[in-house]
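**Q** Encoded as structure tokens, here's the structure I'll be asking about.
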Amino acid sequence: MEILLGVAAPVAALVFTIVAVALDKPTKNRRKIIVTIGIITTIVAGVNSWGIHARSEAATAERRAIRVDLAALANEGMALARRCTNESEPPPTEEANQWARRTEDFLRTRLDDSYVARFRSHSGLPPMTTSIQSAPHRNLSVKLRVRLARLNQFLEKLAE
């Protein structure tokens, strides 16, 4: 859409100039002024559309980089959640806390504070159940799964 608009602006300026020259009869100087204004307008519209396109590509690249980094954080969180299912070893609580802090720092710096608040919240998510018997393992697993659900929502939104 932006590319179409980027092409349409200079073309519209050029068409306007041609029509204005065709309709204008009084003097040659007036025609020169209209043509000059039309050329300047066409150039400015073209440069502006190029700038819009460049910003759009930069924004797309930035969103892709954020998605790649979020996916890496999600993979790390999934590995921690899998470790919670092994009840014969202590739950990875400290590693999970470190992961959550790094993830929140990433969300805060690359997106904004609203993502941190949503990352921490289970609001709107379905209740999570598990067959893990150990309360510390189960609690950490659910906490991680809530945060992973949020990261997946963020990834979906950034893919739009």
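Quick note on naming: the chains in the structure tokens go A, B, ... in the order shown, residues restart at 1 in each chain, and ligands are numbered from 1 in order of appearance.
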Just the residues within 9 Å of Ala100 (chain A), please, counting only C-alpha atoms, with nothing from its chain fewer than 5 positions along; format it as a PyMOL selection string.
**A** chain A and resi 77+95+105+144+147
**Q** Which is closer to Ser141 (chain A) than all the others in A:Ser123, A:Thr109, A:Thr41, A:Thr129, using only C-alpha atoms?
**A**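 For Ser141 (chain A), the nearest of the candidates is A:Thr129.
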**Q** Give me the residues near Ala74 (chain A) as a PyMOL selection string, where near means some atom within 7 Å (using only C-alpha atoms) and where sequence neighbours in that chain fewer than 4 positions away do not count.
**A** chain A and resi 70+78+148+151
**Q** Within 9 Å of Ala81 (chain A), counting only C-alpha atoms, which residues show up once you throw out same-chain ones fewer than 6 positions away? Write them as a list in words, please.
**A** Pro92, Ala96, Leu140, Ser141, Val142, Lys143, Leu144 and Arg145 of chain A
**Q** Selected residues, C-alpha atoms, written as an mmCIF file, in the first residue's frame, please.
**A**
```cif
data_model
loop_
_atom_site.group_PDB
_atom_site.id
_atom_site.type_symbol
_atom_site.label_atom_id
_atom_site.label_comp_id
_atom_site.auth_asym_id
_atom_site.auth_seq_id
_atom_site.Cartn_x
_atom_site.Cartn_y
_atom_site.Cartn_z
ATOM 1 C CA PRO A 92 15.018 -24.060 38.226
ATOM 2 C CA ALA A 96 13.616 -18.769 35.739
ATOM 3 C CA LEU A 140 7.011 -22.429 38.634
ATOM 4 C CA SER A 141 5.739 -24.404 35.637
ATOM 5 C CA VAL A 142 2.436 -22.508 35.598
ATOM 6 C CA LYS A 143 4.195 -19.163 36.034
ATOM 7 C CA LEU A 144 6.519 -19.951 33.128
ATOM 8 C CA ARG A 145 3.676 -21.155 30.918
#
```
**Q** Report the distance between CA of Arg83 (chain A) and CA of Phe119 (chain A) in Å, rounded to one decimal place.
**A** 20.6 Å
**Q** So the first atom is CA of Glu94 (chain A) and the second is CA of Asp69 (chain A); what is the distance between them in Å, to one decimal place?
**A**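 Interatomic distance here is 21.4 Å.
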**Q** What gap, in Å, lies between CA of Asn86 (chain A) and CA of Ala135 (chain A)?
**A**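 The value is 12.5 Å.
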**Q** Determine, counting only C-alpha atoms, which protein, DNA and RNA residues have an atom within 12 Å of an atom of region 152-159 of chain A; residues of the same chain fewer than 5 positions away are not included. Present the result as a ChimeraX atom specification.
**A** /A:59-75,77-78,107,111-112,114-116,118-119,124-125,145-147
**Q** Write out as a PyMOL selection string the set of residues from region 58-153 of chain A that DSSP, computed on the backbone, places in helix (DSSP H, G or I).
**A** chain A and resi 58-84+93-111+113-120+135-153
**Q** Generate a file of the selected residues that holds C-alpha atoms, formatted as a PDB file, in the first residue's frame.
**A**
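After the write, out21.pdb holds the following:
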```
ATOM      1  CA  ALA A  58      13.488  -0.182   8.466  1.00  0.00           C
ATOM      2  CA  ALA A  59      10.426  -0.728  10.657  1.00  0.00           C
ATOM      3  CA  THR A  60       9.859  -4.155   9.082  1.00  0.00           C
ATOM      4  CA  ALA A  61      13.491  -5.121   9.726  1.00  0.00           C
ATOM      5  CA  GLU A  62      13.251  -3.909  13.339  1.00  0.00           C
ATOM      6  CA  ARG A  63      10.048  -5.904  13.923  1.00  0.00           C
ATOM      7  CA  ARG A  64      11.723  -8.989  12.479  1.00  0.00           C
ATOM      8  CA  ALA A  65      14.749  -8.543  14.762  1.00  0.00           C
ATOM      9  CA  ILE A  66      12.451  -8.186  17.776  1.00  0.00           C
ATOM     10  CA  ARG A  67      10.556 -11.346  16.770  1.00  0.00           C
ATOM     11  CA  VAL A  68      13.800 -13.308  16.419  1.00  0.00           C
ATOM     12  CA  ASP A  69      14.975 -12.181  19.865  1.00  0.00           C
ATOM     13  CA  LEU A  70      11.557 -12.884  21.429  1.00  0.00           C
ATOM     14  CA  ALA A  71      11.546 -16.361  19.888  1.00  0.00           C
ATOM     15  CA  ALA A  72      14.966 -17.050  21.413  1.00  0.00           C
ATOM     16  CA  LEU A  73      13.682 -15.935  24.817  1.00  0.00           C
ATOM     17  CA  ALA A  74      10.580 -18.107  24.374  1.00  0.00           C
ATOM     18  CA  ASN A  75      12.741 -21.128  23.533  1.00  0.00           C
ATOM     19  CA  GLU A  76      14.779 -20.523  26.670  1.00  0.00           C
ATOM     20  CA  GLY A  77      11.586 -20.263  28.736  1.00  0.00           C
ATOM     21  CA  MET A  78      10.230 -23.497  27.228  1.00  0.00           C
ATOM     22  CA  ALA A  79      13.420 -25.301  28.213  1.00  0.00           C
ATOM     23  CA  LEU A  80      12.969 -24.053  31.786  1.00  0.00           C
ATOM     24  CA  ALA A  81       9.318 -25.168  31.796  1.00  0.00           C
ATOM     25  CA  ARG A  82      10.362 -28.646  30.625  1.00  0.00           C
ATOM     26  CA  ARG A  83      12.837 -28.832  33.504  1.00  0.00           C
ATOM     27  CA  CYS A  84       9.935 -28.238  35.919  1.00  0.00           C
ATOM     28  CA  THR A  93      13.632 -21.131  40.209  1.00  0.00           C
ATOM     29  CA  GLU A  94      16.691 -18.870  40.123  1.00  0.00           C
ATOM     30  CA  GLU A  95      17.294 -19.480  36.409  1.00  0.00           C
ATOM     31  CA  ALA A  96      13.616 -18.769  35.739  1.00  0.00           C
ATOM     32  CA  ASN A  97      13.846 -15.509  37.681  1.00  0.00           C
ATOM     33  CA  GLN A  98      16.949 -14.486  35.726  1.00  0.00           C
ATOM     34  CA  TRP A  99      15.200 -15.367  32.464  1.00  0.00           C
ATOM     35  CA  ALA A 100      12.148 -13.317  33.475  1.00  0.00           C
ATOM     36  CA  ARG A 101      14.347 -10.298  34.352  1.00  0.00           C
ATOM     37  CA  ARG A 102      16.200 -10.495  31.014  1.00  0.00           C
ATOM     38  CA  THR A 103      12.910 -10.860  29.175  1.00  0.00           C
ATOM     39  CA  GLU A 104      11.397  -7.885  30.991  1.00  0.00           C
ATOM     40  CA  ASP A 105      14.488  -5.779  30.250  1.00  0.00           C
ATOM     41  CA  PHE A 106      14.180  -6.720  26.589  1.00  0.00           C
ATOM     42  CA  LEU A 107      10.465  -5.898  26.501  1.00  0.00           C
ATOM     43  CA  ARG A 108      11.032  -2.575  28.265  1.00  0.00           C
ATOM     44  CA  THR A 109      13.877  -1.440  25.986  1.00  0.00           C
ATOM     45  CA  ARG A 110      12.776  -2.836  22.620  1.00  0.00           C
ATOM     46  CA  LEU A 111       9.009  -2.400  23.012  1.00  0.00           C
ATOM     47  CA  ASP A 113       6.578  -0.924  29.705  1.00  0.00           C
ATOM     48  CA  SER A 114       3.073  -2.068  28.761  1.00  0.00           C
ATOM     49  CA  TYR A 115       4.565  -5.319  27.466  1.00  0.00           C
ATOM     50  CA  VAL A 116       6.228  -5.925  30.833  1.00  0.00           C
ATOM     51  CA  ALA A 117       2.900  -5.532  32.619  1.00  0.00           C
ATOM     52  CA  ARG A 118       1.201  -7.955  30.237  1.00  0.00           C
ATOM     53  CA  PHE A 119       4.130 -10.400  30.491  1.00  0.00           C
ATOM     54  CA  ARG A 120       3.584 -10.569  34.260  1.00  0.00           C
ATOM     55  CA  ALA A 135       4.003 -27.631  44.546  1.00  0.00           C
ATOM     56  CA  PRO A 136       7.264 -25.700  43.862  1.00  0.00           C
ATOM     57  CA  HIS A 137       7.657 -27.398  40.466  1.00  0.00           C
ATOM     58  CA  ARG A 138       3.973 -26.939  39.612  1.00  0.00           C
ATOM     59  CA  ASN A 139       3.886 -23.256  40.629  1.00  0.00           C
ATOM     60  CA  LEU A 140       7.011 -22.429  38.634  1.00  0.00           C
ATOM     61  CA  SER A 141       5.739 -24.404  35.637  1.00  0.00           C
ATOM     62  CA  VAL A 142       2.436 -22.508  35.598  1.00  0.00           C
ATOM     63  CA  LYS A 143       4.195 -19.163  36.034  1.00  0.00           C
ATOM     64  CA  LEU A 144       6.519 -19.951  33.128  1.00  0.00           C
ATOM     65  CA  ARG A 145       3.676 -21.155  30.918  1.00  0.00           C
ATOM     66  CA  VAL A 146       1.725 -17.934  31.543  1.00  0.00           C
ATOM     67  CA  ARG A 147       4.738 -15.873  30.548  1.00  0.00           C
ATOM     68  CA  LEU A 148       5.348 -18.065  27.508  1.00  0.00           C
ATOM     69  CA  ALA A 149       1.712 -17.604  26.453  1.00  0.00           C
ATOM     70  CA  ARG A 150       2.239 -13.841  26.611  1.00  0.00           C
ATOM     71  CA  LEU A 151       5.449 -14.041  24.577  1.00  0.00           C
ATOM     72  CA  ASN A 152       3.576 -16.045  21.943  1.00  0.00           C
ATOM     73  CA  GLN A 153       0.865 -13.363  21.854  1.00  0.00           C
TER      74      GLN A 153
END
```
